[in-house]
$ cat start.pdb   # PDB, C-alpha atoms
ATOM      1  CA  MET A   1     -55.845 183.795 127.235
ATOM      2  CA  LYS A   2     -57.577 181.884 130.068
ATOM      3  CA  GLY A   3     -59.117 183.523 133.109
ATOM      4  CA  MET A   4     -57.865 183.180 136.664
ATOM      5  CA  THR A   5     -59.499 181.682 139.765
ATOM      6  CA  LEU A   6     -62.744 182.830 141.413
ATOM      7  CA  ILE A   7     -60.926 184.741 144.172
ATOM      8  CA  VAL A   8     -58.957 186.808 141.682
ATOM      9  CA  LYS A   9     -62.084 187.477 139.613
ATOM     10  CA  LYS A  10     -64.111 188.708 142.602
ATOM     11  CA  THR A  11     -61.251 190.855 143.921
ATOM     12  CA  THR A  12     -60.705 192.537 140.567
ATOM     13  CA  GLN A  13     -64.439 193.187 140.217
ATOM     14  CA  LEU A  14     -64.325 195.007 143.544
ATOM     15  CA  ILE A  15     -61.132 196.946 142.857
ATOM     16  CA  ALA A  16     -61.482 197.880 139.176
ATOM     17  CA  GLY A  17     -64.228 200.412 139.793
ATOM     18  CA  LEU A  18     -62.191 202.162 142.479
ATOM     19  CA  ILE A  19     -59.182 202.367 140.152
ATOM     20  CA  PHE A  20     -61.424 203.805 137.411
ATOM     21  CA  LEU A  21     -62.777 206.455 139.802
ATOM     22  CA  TYR A  22     -59.260 207.332 140.956
ATOM     23  CA  GLY A  23     -58.227 207.831 137.333
ATOM     24  CA  ILE A  24     -61.155 210.206 136.808
ATOM     25  CA  TYR A  25     -60.190 212.076 140.007
ATOM     26  CA  VAL A  26     -56.580 212.479 138.836
ATOM     27  CA  ILE A  27     -57.761 213.800 135.445
ATOM     28  CA  ILE A  28     -60.351 216.258 136.782
ATOM     29  CA  HIS A  29     -58.053 217.647 139.493
ATOM     30  CA  GLY A  30     -55.143 217.844 137.043
ATOM     31  CA  HIS A  31     -54.927 221.627 137.264
ATOM     32  CA  LEU A  32     -54.953 221.608 141.101
ATOM     33  CA  THR A  33     -52.886 218.627 142.265
ATOM     34  CA  PRO A  34     -50.066 216.578 140.708
ATOM     35  CA  GLY A  35     -51.241 214.370 137.899
ATOM     36  CA  GLY A  36     -53.234 215.198 134.827
ATOM     37  CA  GLY A  37     -54.405 213.777 131.538
ATOM     38  CA  PHE A  38     -51.522 211.411 130.913
ATOM     39  CA  ALA A  39     -51.342 209.814 134.385
ATOM     40  CA  GLY A  40     -55.125 209.550 134.802
ATOM     41  CA  GLY A  41     -55.574 208.094 131.323
ATOM     42  CA  VAL A  42     -53.095 205.319 131.989
ATOM     43  CA  LEU A  43     -54.847 204.612 135.343
ATOM     44  CA  ILE A  44     -58.217 204.230 133.571
ATOM     45  CA  ALA A  45     -56.666 201.917 130.974
ATOM     46  CA  GLY A  46     -55.154 199.951 133.863
ATOM     47  CA  SER A  47     -58.578 199.214 135.350
ATOM     48  CA  PHE A  48     -59.748 197.706 132.037
ATOM     49  CA  ILE A  49     -56.513 195.724 131.613
ATOM     50  CA  LEU A  50     -56.948 194.327 135.158
ATOM     51  CA  LEU A  51     -60.450 193.069 134.308
ATOM     52  CA  ILE A  52     -59.329 191.525 131.013
ATOM     53  CA  LEU A  53     -56.347 189.771 132.591
ATOM     54  CA  ALA A  54     -58.423 188.333 135.438
ATOM     55  CA  ASN A  55     -61.503 187.248 133.483
ATOM     56  CA  GLY A  56     -59.775 185.926 130.395
ATOM     57  CA  SER A  57     -60.197 187.194 126.900
ATOM     58  CA  ASP A  58     -63.346 185.233 125.975
ATOM     59  CA  PHE A  59     -65.386 186.772 128.804
ATOM     60  CA  MET A  60     -66.073 190.026 127.057
ATOM     61  CA  LYS A  61     -66.620 190.723 123.424
ATOM     62  CA  LEU A  62     -63.144 192.106 123.007
ATOM     63  CA  THR A  63     -63.353 192.721 119.289
ATOM     64  CA  LYS A  64     -66.250 195.121 119.758
ATOM     65  CA  GLU A  65     -64.346 196.806 122.570
ATOM     66  CA  GLU A  66     -61.324 197.313 120.317
ATOM     67  CA  THR A  67     -63.512 199.031 117.716
ATOM     68  CA  GLY A  68     -64.972 201.266 120.425
ATOM     69  CA  SER A  69     -61.626 202.214 121.951
ATOM     70  CA  THR A  70     -60.185 203.091 118.540
ATOM     71  CA  ILE A  71     -63.171 205.338 117.809
ATOM     72  CA  TYR A  72     -62.908 207.068 121.214
ATOM     73  CA  GLU A  73     -59.195 207.622 120.743
ATOM     74  CA  ASN A  74     -59.603 209.263 117.350
ATOM     75  CA  LEU A  75     -62.570 211.392 118.460
ATOM     76  CA  ALA A  76     -60.759 212.618 121.594
ATOM     77  CA  ILE A  77     -57.668 213.830 119.734
ATOM     78  CA  LEU A  78     -59.967 215.472 117.160
ATOM     79  CA  VAL A  79     -61.844 217.352 119.904
ATOM     80  CA  ALA A  80     -58.527 218.429 121.483
ATOM     81  CA  VAL A  81     -57.399 219.869 118.144
ATOM     82  CA  PHE A  82     -60.774 221.641 117.744
ATOM     83  CA  LEU A  83     -60.369 223.141 121.228
ATOM     84  CA  ALA A  84     -56.949 224.422 120.215
ATOM     85  CA  VAL A  85     -58.357 225.836 116.962
ATOM     86  CA  SER A  86     -61.196 227.543 118.878
ATOM     87  CA  GLY A  87     -58.557 229.953 120.203
ATOM     88  CA  MET A  88     -58.171 231.211 116.632
ATOM     89  CA  ILE A  89     -61.894 231.865 116.319
ATOM     90  CA  PHE A  90     -62.517 233.617 119.641
ATOM     91  CA  GLY A  91     -60.301 236.271 121.161
ATOM     92  CA  ALA A  92     -56.846 237.118 119.931
ATOM     93  CA  LYS A  93     -56.569 234.648 116.999
ATOM     94  CA  ILE A  94     -53.822 232.544 118.576
ATOM     95  CA  PHE A  95     -53.537 228.751 118.363
ATOM     96  CA  PHE A  96     -53.890 227.231 121.892
ATOM     97  CA  LEU A  97     -55.292 230.464 123.327
ATOM     98  CA  ASN A  98     -56.770 230.150 126.833
ATOM     99  CA  TRP A  99     -59.863 232.237 126.058
ATOM    100  CA  LEU A 100     -62.320 230.974 128.703
ATOM    101  CA  PRO A 101     -62.582 232.992 131.972
ATOM    102  CA  LYS A 102     -59.821 231.967 134.401
ATOM    103  CA  GLY A 103     -61.781 232.042 137.678
ATOM    104  CA  THR A 104     -60.038 231.985 141.050
ATOM    105  CA  PRO A 105     -56.979 229.686 141.167
ATOM    106  CA  GLY A 106     -57.481 226.696 143.467
ATOM    107  CA  GLU A 107     -61.141 226.019 142.742
ATOM    108  CA  LEU A 108     -62.322 222.995 140.772
ATOM    109  CA  VAL A 109     -63.830 225.064 137.947
ATOM    110  CA  SER A 110     -60.998 227.422 137.089
ATOM    111  CA  ALA A 111     -58.035 227.808 134.748
ATOM    112  CA  GLY A 112     -60.166 228.272 131.626
ATOM    113  CA  MET A 113     -59.434 225.692 128.937
ATOM    114  CA  LEU A 114     -56.899 223.589 130.855
ATOM    115  CA  PRO A 115     -59.391 221.136 132.477
ATOM    116  CA  LEU A 116     -61.004 220.552 129.062
ATOM    117  CA  TYR A 117     -57.635 219.730 127.482
ATOM    118  CA  ASN A 118     -56.887 217.460 130.467
ATOM    119  CA  ILE A 119     -60.136 215.546 130.047
ATOM    120  CA  PHE A 120     -59.800 214.931 126.317
ATOM    121  CA  ILE A 121     -56.084 214.078 126.489
ATOM    122  CA  GLY A 122     -57.011 211.656 129.313
ATOM    123  CA  ILE A 123     -59.637 209.928 127.146
ATOM    124  CA  GLU A 124     -57.160 209.730 124.284
ATOM    125  CA  VAL A 125     -54.373 208.212 126.398
ATOM    126  CA  ALA A 126     -56.720 205.686 128.056
ATOM    127  CA  ALA A 127     -58.124 204.530 124.709
ATOM    128  CA  SER A 128     -54.628 204.333 123.162
ATOM    129  CA  ILE A 129     -53.114 202.158 125.891
ATOM    130  CA  LEU A 130     -56.207 199.925 125.919
ATOM    131  CA  SER A 131     -56.082 199.601 122.121
ATOM    132  CA  ILE A 132     -52.449 198.474 122.203
ATOM    133  CA  PHE A 133     -53.209 195.879 124.896
ATOM    134  CA  LEU A 134     -56.298 194.620 123.060
ATOM    135  CA  ALA A 135     -54.328 194.363 119.806
ATOM    136  CA  LEU A 136     -51.796 192.112 121.551
ATOM    137  CA  VAL A 137     -54.617 189.889 122.914
ATOM    138  CA  ILE A 138     -57.106 189.711 120.024
ATOM    139  CA  PHE A 139     -54.956 189.280 116.947
ATOM    140  CA  LYS A 140     -53.042 186.347 118.434
ATOM    141  CA  GLU A 141     -56.334 184.494 119.072
ATOM    142  CA  GLU A 142     -57.520 185.242 115.554
ATOM    143  CA  MET A 143     -54.438 183.447 114.249
ATOM    144  CA  SER A 144     -55.007 180.314 116.363
ATOM    145  CA  GLU A 145     -58.596 179.865 115.202
TER     146      GLU A 145
ATOM    147  CA  MET B   1     -29.622 213.855 148.815
ATOM    148  CA  GLU B   2     -27.038 213.620 146.025
ATOM    149  CA  ILE B   3     -25.572 210.543 147.719
ATOM    150  CA  THR B   4     -29.010 208.869 147.850
ATOM    151  CA  ILE B   5     -29.613 209.620 144.197
ATOM    152  CA  SER B   6     -26.155 208.279 143.332
ATOM    153  CA  ILE B   7     -26.853 205.016 145.176
ATOM    154  CA  ILE B   8     -30.237 204.603 143.433
ATOM    155  CA  THR B   9     -28.682 205.383 140.046
ATOM    156  CA  GLY B  10     -26.002 202.763 140.712
ATOM    157  CA  LEU B  11     -28.721 200.203 141.507
ATOM    158  CA  MET B  12     -30.492 201.138 138.278
ATOM    159  CA  ILE B  13     -27.288 200.582 136.279
ATOM    160  CA  LEU B  14     -26.828 197.173 137.965
ATOM    161  CA  GLY B  15     -30.422 196.235 137.091
ATOM    162  CA  ALA B  16     -29.948 197.264 133.476
ATOM    163  CA  LEU B  17     -26.718 195.254 133.234
ATOM    164  CA  TYR B  18     -28.421 192.201 134.733
ATOM    165  CA  ALA B  19     -31.325 192.584 132.307
ATOM    166  CA  ILE B  20     -28.904 192.293 129.382
ATOM    167  CA  HIS B  21     -27.160 189.178 130.677
ATOM    168  CA  ALA B  22     -30.050 187.232 132.261
ATOM    169  CA  LYS B  23     -30.666 183.760 130.833
ATOM    170  CA  ASP B  24     -34.396 183.750 131.651
ATOM    171  CA  LEU B  25     -36.346 186.471 129.866
ATOM    172  CA  LEU B  26     -38.804 186.832 132.764
ATOM    173  CA  SER B  27     -36.035 187.798 135.188
ATOM    174  CA  ALA B  28     -34.706 190.200 132.550
ATOM    175  CA  VAL B  29     -38.115 191.921 132.440
ATOM    176  CA  ILE B  30     -38.261 192.134 136.246
ATOM    177  CA  ALA B  31     -34.739 193.586 136.268
ATOM    178  CA  CYS B  32     -35.936 196.219 133.787
ATOM    179  CA  GLY B  33     -38.522 197.113 136.425
ATOM    180  CA  ILE B  34     -35.683 198.096 138.792
ATOM    181  CA  VAL B  35     -34.710 200.844 136.342
ATOM    182  CA  GLY B  36     -38.250 202.213 136.117
ATOM    183  CA  TYR B  37     -39.081 202.168 139.815
ATOM    184  CA  GLY B  38     -35.643 203.558 140.717
ATOM    185  CA  LEU B  39     -36.441 206.443 138.396
ATOM    186  CA  VAL B  40     -39.716 206.966 140.318
ATOM    187  CA  ILE B  41     -37.789 207.333 143.591
ATOM    188  CA  CYS B  42     -35.347 209.738 141.924
ATOM    189  CA  PHE B  43     -38.237 211.897 140.675
ATOM    190  CA  LEU B  44     -39.784 211.940 144.162
ATOM    191  CA  LEU B  45     -36.463 212.977 145.743
ATOM    192  CA  LEU B  46     -36.070 215.740 143.149
ATOM    193  CA  LYS B  47     -39.587 217.010 144.050
ATOM    194  CA  ALA B  48     -41.297 216.176 140.750
ATOM    195  CA  PRO B  49     -44.500 214.357 141.823
ATOM    196  CA  ASP B  50     -46.218 214.842 138.442
ATOM    197  CA  LEU B  51     -43.481 212.946 136.642
ATOM    198  CA  ALA B  52     -43.334 210.336 139.420
ATOM    199  CA  ILE B  53     -47.064 209.548 139.082
ATOM    200  CA  VAL B  54     -46.843 209.211 135.298
ATOM    201  CA  GLN B  55     -43.683 207.109 135.534
ATOM    202  CA  ILE B  56     -45.012 204.684 138.189
ATOM    203  CA  VAL B  57     -48.290 204.090 136.308
ATOM    204  CA  VAL B  58     -46.699 203.690 132.877
ATOM    205  CA  GLU B  59     -43.973 201.438 134.305
ATOM    206  CA  THR B  60     -46.550 199.144 135.945
ATOM    207  CA  ILE B  61     -48.682 198.848 132.792
ATOM    208  CA  SER B  62     -45.702 198.237 130.500
ATOM    209  CA  LEU B  63     -44.297 195.677 132.947
ATOM    210  CA  ILE B  64     -47.639 193.819 132.928
ATOM    211  CA  ILE B  65     -47.722 193.804 129.116
ATOM    212  CA  MET B  66     -44.078 192.640 128.915
ATOM    213  CA  VAL B  67     -44.702 189.816 131.433
ATOM    214  CA  ALA B  68     -47.795 188.710 129.466
ATOM    215  CA  VAL B  69     -45.724 188.644 126.267
ATOM    216  CA  VAL B  70     -42.764 186.823 127.853
ATOM    217  CA  LEU B  71     -44.977 184.136 129.424
ATOM    218  CA  ASP B  72     -46.260 183.296 125.922
ATOM    219  CA  SER B  73     -42.760 182.895 124.497
ATOM    220  CA  SER B  74     -40.129 180.211 125.137
ATOM    221  CA  ARG B  75     -38.569 182.408 127.884
ATOM    222  CA  GLU B  76     -35.004 181.675 126.750
ATOM    223  CA  GLU B  77     -32.562 184.064 125.221
ATOM    224  CA  LEU B  78     -30.611 182.863 122.214
ATOM    225  CA  PHE B  79     -26.943 183.577 122.862
ATOM    226  CA  SER B  80     -24.386 183.784 120.093
ATOM    227  CA  LYS B  81     -20.606 184.201 120.132
ATOM    228  CA  PRO B  82     -19.489 187.689 119.032
ATOM    229  CA  ASP B  83     -17.886 187.673 115.591
ATOM    230  CA  ALA B  84     -15.435 190.175 114.050
ATOM    231  CA  GLN B  85     -18.161 192.731 113.458
ATOM    232  CA  GLY B  86     -19.219 192.443 117.099
ATOM    233  CA  TYR B  87     -15.689 193.262 118.334
ATOM    234  CA  VAL B  88     -15.512 196.280 116.007
ATOM    235  CA  SER B  89     -18.882 197.482 117.344
ATOM    236  CA  SER B  90     -17.855 197.135 120.996
ATOM    237  CA  VAL B  91     -14.563 198.993 120.449
ATOM    238  CA  THR B  92     -16.495 201.773 118.673
ATOM    239  CA  ALA B  93     -18.968 201.937 121.559
ATOM    240  CA  ILE B  94     -16.197 202.246 124.164
ATOM    241  CA  LEU B  95     -14.485 204.997 122.148
ATOM    242  CA  LEU B  96     -17.804 206.844 121.851
ATOM    243  CA  VAL B  97     -18.355 206.638 125.617
ATOM    244  CA  VAL B  98     -14.872 208.054 126.295
ATOM    245  CA  VAL B  99     -15.396 210.955 123.860
ATOM    246  CA  LEU B 100     -18.860 211.739 125.252
ATOM    247  CA  PHE B 101     -17.532 211.646 128.823
ATOM    248  CA  TYR B 102     -14.751 214.089 127.907
ATOM    249  CA  PHE B 103     -17.151 216.635 126.401
ATOM    250  CA  PHE B 104     -19.570 216.159 129.301
ATOM    251  CA  LYS B 105     -16.741 216.938 131.723
ATOM    252  CA  ILE B 106     -15.967 220.141 129.813
ATOM    253  CA  SER B 107     -19.571 221.299 129.559
ATOM    254  CA  ILE B 108     -20.538 220.597 133.171
ATOM    255  CA  GLU B 109     -18.192 223.310 134.459
ATOM    256  CA  THR B 110     -20.264 226.010 132.756
ATOM    257  CA  LEU B 111     -23.534 224.845 134.334
ATOM    258  CA  ASP B 112     -24.982 226.016 137.642
ATOM    259  CA  ALA B 113     -24.555 223.911 140.760
ATOM    260  CA  PHE B 114     -27.005 221.005 141.226
ATOM    261  CA  GLY B 115     -30.395 222.315 142.388
ATOM    262  CA  HIS B 116     -29.412 225.996 142.300
ATOM    263  CA  GLY B 117     -30.466 228.632 139.832
ATOM    264  CA  THR B 118     -33.008 228.437 137.019
ATOM    265  CA  LEU B 119     -32.663 228.984 133.312
ATOM    266  CA  ARG B 120     -33.814 232.323 131.890
ATOM    267  CA  MET B 121     -36.884 230.842 130.192
ATOM    268  CA  ALA B 122     -37.836 228.706 133.207
ATOM    269  CA  ALA B 123     -37.665 231.788 135.434
ATOM    270  CA  ASN B 124     -40.185 233.471 133.126
ATOM    271  CA  TYR B 125     -42.473 230.443 133.433
ATOM    272  CA  ILE B 126     -42.301 230.361 137.227
ATOM    273  CA  GLU B 127     -42.898 234.095 137.672
ATOM    274  CA  GLY B 128     -46.623 234.722 137.881
ATOM    275  CA  ALA B 129     -47.647 231.534 136.088
ATOM    276  CA  THR B 130     -50.722 231.168 138.292
ATOM    277  CA  ALA B 131     -51.944 234.633 137.328
ATOM    278  CA  LYS B 132     -51.282 233.997 133.635
ATOM    279  CA  THR B 133     -52.873 230.548 133.325
ATOM    280  CA  GLY B 134     -55.207 230.406 136.323
ATOM    281  CA  SER B 135     -53.954 226.904 137.151
ATOM    282  CA  ALA B 136     -52.789 226.115 140.682
ATOM    283  CA  ASN B 137     -50.599 223.276 139.363
ATOM    284  CA  LEU B 138     -47.668 224.892 137.566
ATOM    285  CA  VAL B 139     -46.852 221.772 135.536
ATOM    286  CA  THR B 140     -50.318 221.617 133.956
ATOM    287  CA  GLY B 141     -50.116 225.327 133.248
ATOM    288  CA  VAL B 142     -46.841 224.833 131.423
ATOM    289  CA  ILE B 143     -47.735 221.731 129.411
ATOM    290  CA  PHE B 144     -51.192 222.870 128.263
ATOM    291  CA  ASP B 145     -50.714 226.644 128.016
ATOM    292  CA  PHE B 146     -47.123 227.749 127.465
ATOM    293  CA  ARG B 147     -46.153 224.514 125.739
ATOM    294  CA  GLY B 148     -49.426 223.480 124.100
ATOM    295  CA  TYR B 149     -47.710 222.567 120.844
ATOM    296  CA  ASP B 150     -45.509 220.037 122.660
ATOM    297  CA  THR B 151     -48.526 218.330 124.241
ATOM    298  CA  LEU B 152     -50.329 218.168 120.901
ATOM    299  CA  GLY B 153     -47.193 216.590 119.434
ATOM    300  CA  GLU B 154     -47.043 214.017 122.239
ATOM    301  CA  ALA B 155     -50.691 213.055 121.737
ATOM    302  CA  THR B 156     -50.084 212.758 117.986
ATOM    303  CA  VAL B 157     -47.080 210.501 118.584
ATOM    304  CA  LEU B 158     -49.249 208.270 120.799
ATOM    305  CA  ILE B 159     -52.043 207.994 118.237
ATOM    306  CA  THR B 160     -49.502 207.256 115.475
ATOM    307  CA  ALA B 161     -47.989 204.493 117.621
ATOM    308  CA  VAL B 162     -51.427 202.908 118.130
ATOM    309  CA  LEU B 163     -52.185 203.091 114.399
ATOM    310  CA  GLY B 164     -48.838 201.428 113.667
ATOM    311  CA  VAL B 165     -49.431 198.644 116.216
ATOM    312  CA  LEU B 166     -52.937 197.954 114.881
ATOM    313  CA  THR B 167     -51.681 197.917 111.280
ATOM    314  CA  ILE B 168     -48.718 195.618 111.901
ATOM    315  CA  LEU B 169     -50.374 193.150 114.301
ATOM    316  CA  ARG B 170     -53.637 192.693 112.359
ATOM    317  CA  ILE B 171     -53.413 189.415 110.469
ATOM    318  CA  LYS B 172     -56.887 189.014 109.013
ATOM    319  CA  GLY B 173     -58.255 191.917 107.031
ATOM    320  CA  LYS B 174     -61.263 193.858 108.278
ATOM    321  CA  LYS B 175     -64.482 193.244 106.367
TER     322      LYS B 175
END
$ encode --input "start.pdb" --output "structure tokens"
Amino acid sequence: MKGMTLIVKKTTQLIAGLIFLYGIYVIIHGHLTPGGGFAGGVLIAGSFILLILANGSDFMKLTKEETGSTIYENLAILVAVFLAVSGMIFGAKIFFLNWLPKGTPGELVSAGMLPLYNIFIGIEVAASILSIFLALVIFKEEMSE
Amino acid sequence: MEITISIITGLMILGALYAIHAKDLLSAVIACGIVGYGLVICFLLLKAPDLAIVQIVVETISLIIMVAVVLDSSREELFSKPDAQGYVSSVTAILLVVVLFYFFKISIETLDAFGHGTLRMAANYIEGATAKTGSANLVTGVIFDFRGYDTLGEATVLITAVLGVLTILRIKGKK
């Protein structure tokens, strides 16, 4: 895939960081405002996809990035399962138990385990969507070599 | 509000029909976008901003991926005349629609009016959910606390899909 013109490249370089930050905001405030792990994860993946589409696929070492995103995806789902299992170790021995202190509703650090689940599900979703996009880009170029 | 939703749903049906019959695959993909973004407006009108955010982001990303795939192809749909099996299939489909519509008509009389009343389980979720989960956003409280198993299943489906895509699309073996 070839890159686009200089104007598009510069604009995406300016915007991609803002989109990434907005994705992080949506994930972290998932237990306060609409949004959460799934929406924020897709937003973060969108910022990477924007950069790849604008700069072309030979700009970055995409193969390395695919390895990294696959590793992150697998680790994130593993940590989410461990968090769920931790409810069986502490407290009332229930899978998916919310055993951390709840705090006052409405503050950023509250709701016990829910922000942690949001964060790791967000990482998992972002890495998954990016992996699918990278698979569509990389493997076609491998064939044409 | 029901009239607005009906109009948007009609537009979505028109877009889906056009997507089936379009000659150029790119216009078919764009017409598929009508369905997705119409659904976003429906979610917003029904006061479900969580779903609307997820739907608008996923729709945009999938539309980008579909456009990138279509631009690499020949962009033409291969049409073929329906044979005997095709006629049998379409008659079966029409019969199925009629039967489904009949049972839908029967079952809808037992439901509550549109936008009124909640199910017994949903009422239990809404009552005191903030005190039980500590989350100000009820939707997050439901999907990560009351329905944690469902969310784990969704994440597992996603990871399985990625593993399948990587396995099928990889042409050269990894060293």
$ resolve_selection --input "start.pdb" --expression "the PyMOL selection byres ((chain A and resi 81-88) around 12)" --output "MDAnalysis selection string"
(chainID A and resid 74:80 89:100 112:121 124) or (chainID B and resid 144:145 148:149 151:153 155:156)
$ write_last_selection --input "start.pdb" --atoms "C-alpha atoms" --output "PDB file, in the frame of the given file"
ATOM      1  CA  ASN A  74     -59.603 209.263 117.350  1.00  0.00           C
ATOM      2  CA  LEU A  75     -62.570 211.392 118.460  1.00  0.00           C
ATOM      3  CA  ALA A  76     -60.759 212.618 121.594  1.00  0.00           C
ATOM      4  CA  ILE A  77     -57.668 213.830 119.734  1.00  0.00           C
ATOM      5  CA  LEU A  78     -59.967 215.472 117.160  1.00  0.00           C
ATOM      6  CA  VAL A  79     -61.844 217.352 119.904  1.00  0.00           C
ATOM      7  CA  ALA A  80     -58.527 218.429 121.483  1.00  0.00           C
ATOM      8  CA  ILE A  89     -61.894 231.865 116.319  1.00  0.00           C
ATOM      9  CA  PHE A  90     -62.517 233.617 119.641  1.00  0.00           C
ATOM     10  CA  GLY A  91     -60.301 236.271 121.161  1.00  0.00           C
ATOM     11  CA  ALA A  92     -56.846 237.118 119.931  1.00  0.00           C
ATOM     12  CA  LYS A  93     -56.569 234.648 116.999  1.00  0.00           C
ATOM     13  CA  ILE A  94     -53.822 232.544 118.576  1.00  0.00           C
ATOM     14  CA  PHE A  95     -53.537 228.751 118.363  1.00  0.00           C
ATOM     15  CA  PHE A  96     -53.890 227.231 121.892  1.00  0.00           C
ATOM     16  CA  LEU A  97     -55.292 230.464 123.327  1.00  0.00           C
ATOM     17  CA  ASN A  98     -56.770 230.150 126.833  1.00  0.00           C
ATOM     18  CA  TRP A  99     -59.863 232.237 126.058  1.00  0.00           C
ATOM     19  CA  LEU A 100     -62.320 230.974 128.703  1.00  0.00           C
ATOM     20  CA  GLY A 112     -60.166 228.272 131.626  1.00  0.00           C
ATOM     21  CA  MET A 113     -59.434 225.692 128.937  1.00  0.00           C
ATOM     22  CA  LEU A 114     -56.899 223.589 130.855  1.00  0.00           C
ATOM     23  CA  PRO A 115     -59.391 221.136 132.477  1.00  0.00           C
ATOM     24  CA  LEU A 116     -61.004 220.552 129.062  1.00  0.00           C
ATOM     25  CA  TYR A 117     -57.635 219.730 127.482  1.00  0.00           C
ATOM     26  CA  ASN A 118     -56.887 217.460 130.467  1.00  0.00           C
ATOM     27  CA  ILE A 119     -60.136 215.546 130.047  1.00  0.00           C
ATOM     28  CA  PHE A 120     -59.800 214.931 126.317  1.00  0.00           C
ATOM     29  CA  ILE A 121     -56.084 214.078 126.489  1.00  0.00           C
ATOM     30  CA  GLU A 124     -57.160 209.730 124.284  1.00  0.00           C
TER      31      GLU A 124
ATOM     32  CA  PHE B 144     -51.192 222.870 128.263  1.00  0.00           C
ATOM     33  CA  ASP B 145     -50.714 226.644 128.016  1.00  0.00           C
ATOM     34  CA  GLY B 148     -49.426 223.480 124.100  1.00  0.00           C
ATOM     35  CA  TYR B 149     -47.710 222.567 120.844  1.00  0.00           C
ATOM     36  CA  THR B 151     -48.526 218.330 124.241  1.00  0.00           C
ATOM     37  CA  LEU B 152     -50.329 218.168 120.901  1.00  0.00           C
ATOM     38  CA  GLY B 153     -47.193 216.590 119.434  1.00  0.00           C
ATOM     39  CA  ALA B 155     -50.691 213.055 121.737  1.00  0.00           C
ATOM     40  CA  THR B 156     -50.084 212.758 117.986  1.00  0.00           C
TER      41      THR B 156
END
$ closest_residue --input "start.pdb" --among "B:Leu46, B:Leu39, B:Ala31, B:Ala136" --to "B:Val58" --atoms "all atoms listed in the file"
B:Leu39
$ atom_distance --input "start.pdb" --atom1 "atom CA of B:Asn137" --atom2 "atom CA of A:His31"
5.1 Å
$ closest_atom_pairs --input "start.pdb" --of "chain A" --to "chain B" --cutoff "6 Å" --atoms "only C-alpha atoms" --output "CSV"
residue,atom,partner,partner_atom,distance
A:His31,CA,B:Asn137,CA,5.1
A:Leu32,CA,B:Asn137,CA,5.0
A:Thr33,CA,B:Asn137,CA,5.9
A:Pro34,CA,B:Asp50,CA,4.8
A:Gly35,CA,B:Asp50,CA,5.1
A:Ala39,CA,B:Val54,CA,4.6
A:Lys102,CA,B:Gly134,CA,5.2
A:Pro105,CA,B:Gly134,CA,5.2
A:Gly106,CA,B:Ala136,CA,5.5
A:Ala111,CA,B:Gly134,CA,4.2
A:Phe139,CA,B:Arg170,CA,5.9
$ residues_around --input "start.pdb" --residues "stretch 6-14 of chain B" --least-positions-apart "5" --cutoff "9 Å" --atoms "only C-alpha atoms" --output "ChimeraX atom specification"
/B:1,19,31-32,34-39,41-42
$ write_last_selection --input "start.pdb" --atoms "C-alpha atoms" --output "compact mmCIF listing (two decimals), in the frame of the given file"
# COMPACT_ATOMS: atom_id res chain seq x y z
CA MET B 1 -29.62 213.86 148.82
CA ALA B 19 -31.32 192.58 132.31
CA ALA B 31 -34.74 193.59 136.27
CA CYS B 32 -35.94 196.22 133.79
CA ILE B 34 -35.68 198.10 138.79
CA VAL B 35 -34.71 200.84 136.34
CA GLY B 36 -38.25 202.21 136.12
CA TYR B 37 -39.08 202.17 139.82
CA GLY B 38 -35.64 203.56 140.72
CA LEU B 39 -36.44 206.44 138.40
CA ILE B 41 -37.79 207.33 143.59
CA CYS B 42 -35.35 209.74 141.92
$ resolve_selection --input "start.pdb" --expression "the PyMOL selection byres ((chain A and resi 134) around 12)" --output "ChimeraX atom specification"
/A:1,45,48-49,52-53,56-57,60-70,127-133,135-141 /B:65,162,165-166,169-170
$ atom_distance --input "start.pdb" --atom1 "atom CA of B:Glu77" --atom2 "atom CA of B:Asp24"
6.7 Å
$ resolve_selection --input "start.pdb" --expression "the PyMOL selection byres ((chain A and resi 12) around 9)" --output "CSV table (one decimal) with C-alpha atoms, keeping the file's coordinate frame"
chain,number,residue,atom,x,y,z
A,7,ILE,CA,-60.9,184.7,144.2
A,8,VAL,CA,-59.0,186.8,141.7
A,9,LYS,CA,-62.1,187.5,139.6
A,10,LYS,CA,-64.1,188.7,142.6
A,11,THR,CA,-61.3,190.9,143.9
A,13,GLN,CA,-64.4,193.2,140.2
A,14,LEU,CA,-64.3,195.0,143.5
A,15,ILE,CA,-61.1,196.9,142.9
A,16,ALA,CA,-61.5,197.9,139.2
A,17,GLY,CA,-64.2,200.4,139.8
A,47,SER,CA,-58.6,199.2,135.4
A,50,LEU,CA,-56.9,194.3,135.2
A,51,LEU,CA,-60.4,193.1,134.3
A,54,ALA,CA,-58.4,188.3,135.4
A,55,ASN,CA,-61.5,187.2,133.5
$ atom_distance --input "start.pdb" --atom1 "atom CA of B:Thr92" --atom2 "atom CA of B:Gly15"
23.7 Å
$ residues_around --input "start.pdb" --residues "B:Arg75" --least-positions-apart "4" --cutoff "12 Å" --atoms "all atoms listed in the file" --output "ChimeraX atom specification"
/B:22-29,66-71
$ write_last_selection --input "start.pdb" --atoms "C-alpha atoms" --output "short mmCIF file (atom, residue, chain, number, x, y, z; two decimals), in the frame of the given file"
data_model
loop_
_atom_site.label_atom_id
_atom_site.label_comp_id
_atom_site.auth_asym_id
_atom_site.auth_seq_id
_atom_site.Cartn_x
_atom_site.Cartn_y
_atom_site.Cartn_z
CA ALA B 22 -30.05 187.23 132.26
CA LYS B 23 -30.67 183.76 130.83
CA ASP B 24 -34.40 183.75 131.65
CA LEU B 25 -36.35 186.47 129.87
CA LEU B 26 -38.80 186.83 132.76
CA SER B 27 -36.03 187.80 135.19
CA ALA B 28 -34.71 190.20 132.55
CA VAL B 29 -38.12 191.92 132.44
CA MET B 66 -44.08 192.64 128.92
CA VAL B 67 -44.70 189.82 131.43
CA ALA B 68 -47.80 188.71 129.47
CA VAL B 69 -45.72 188.64 126.27
CA VAL B 70 -42.76 186.82 127.85
CA LEU B 71 -44.98 184.14 129.42
#
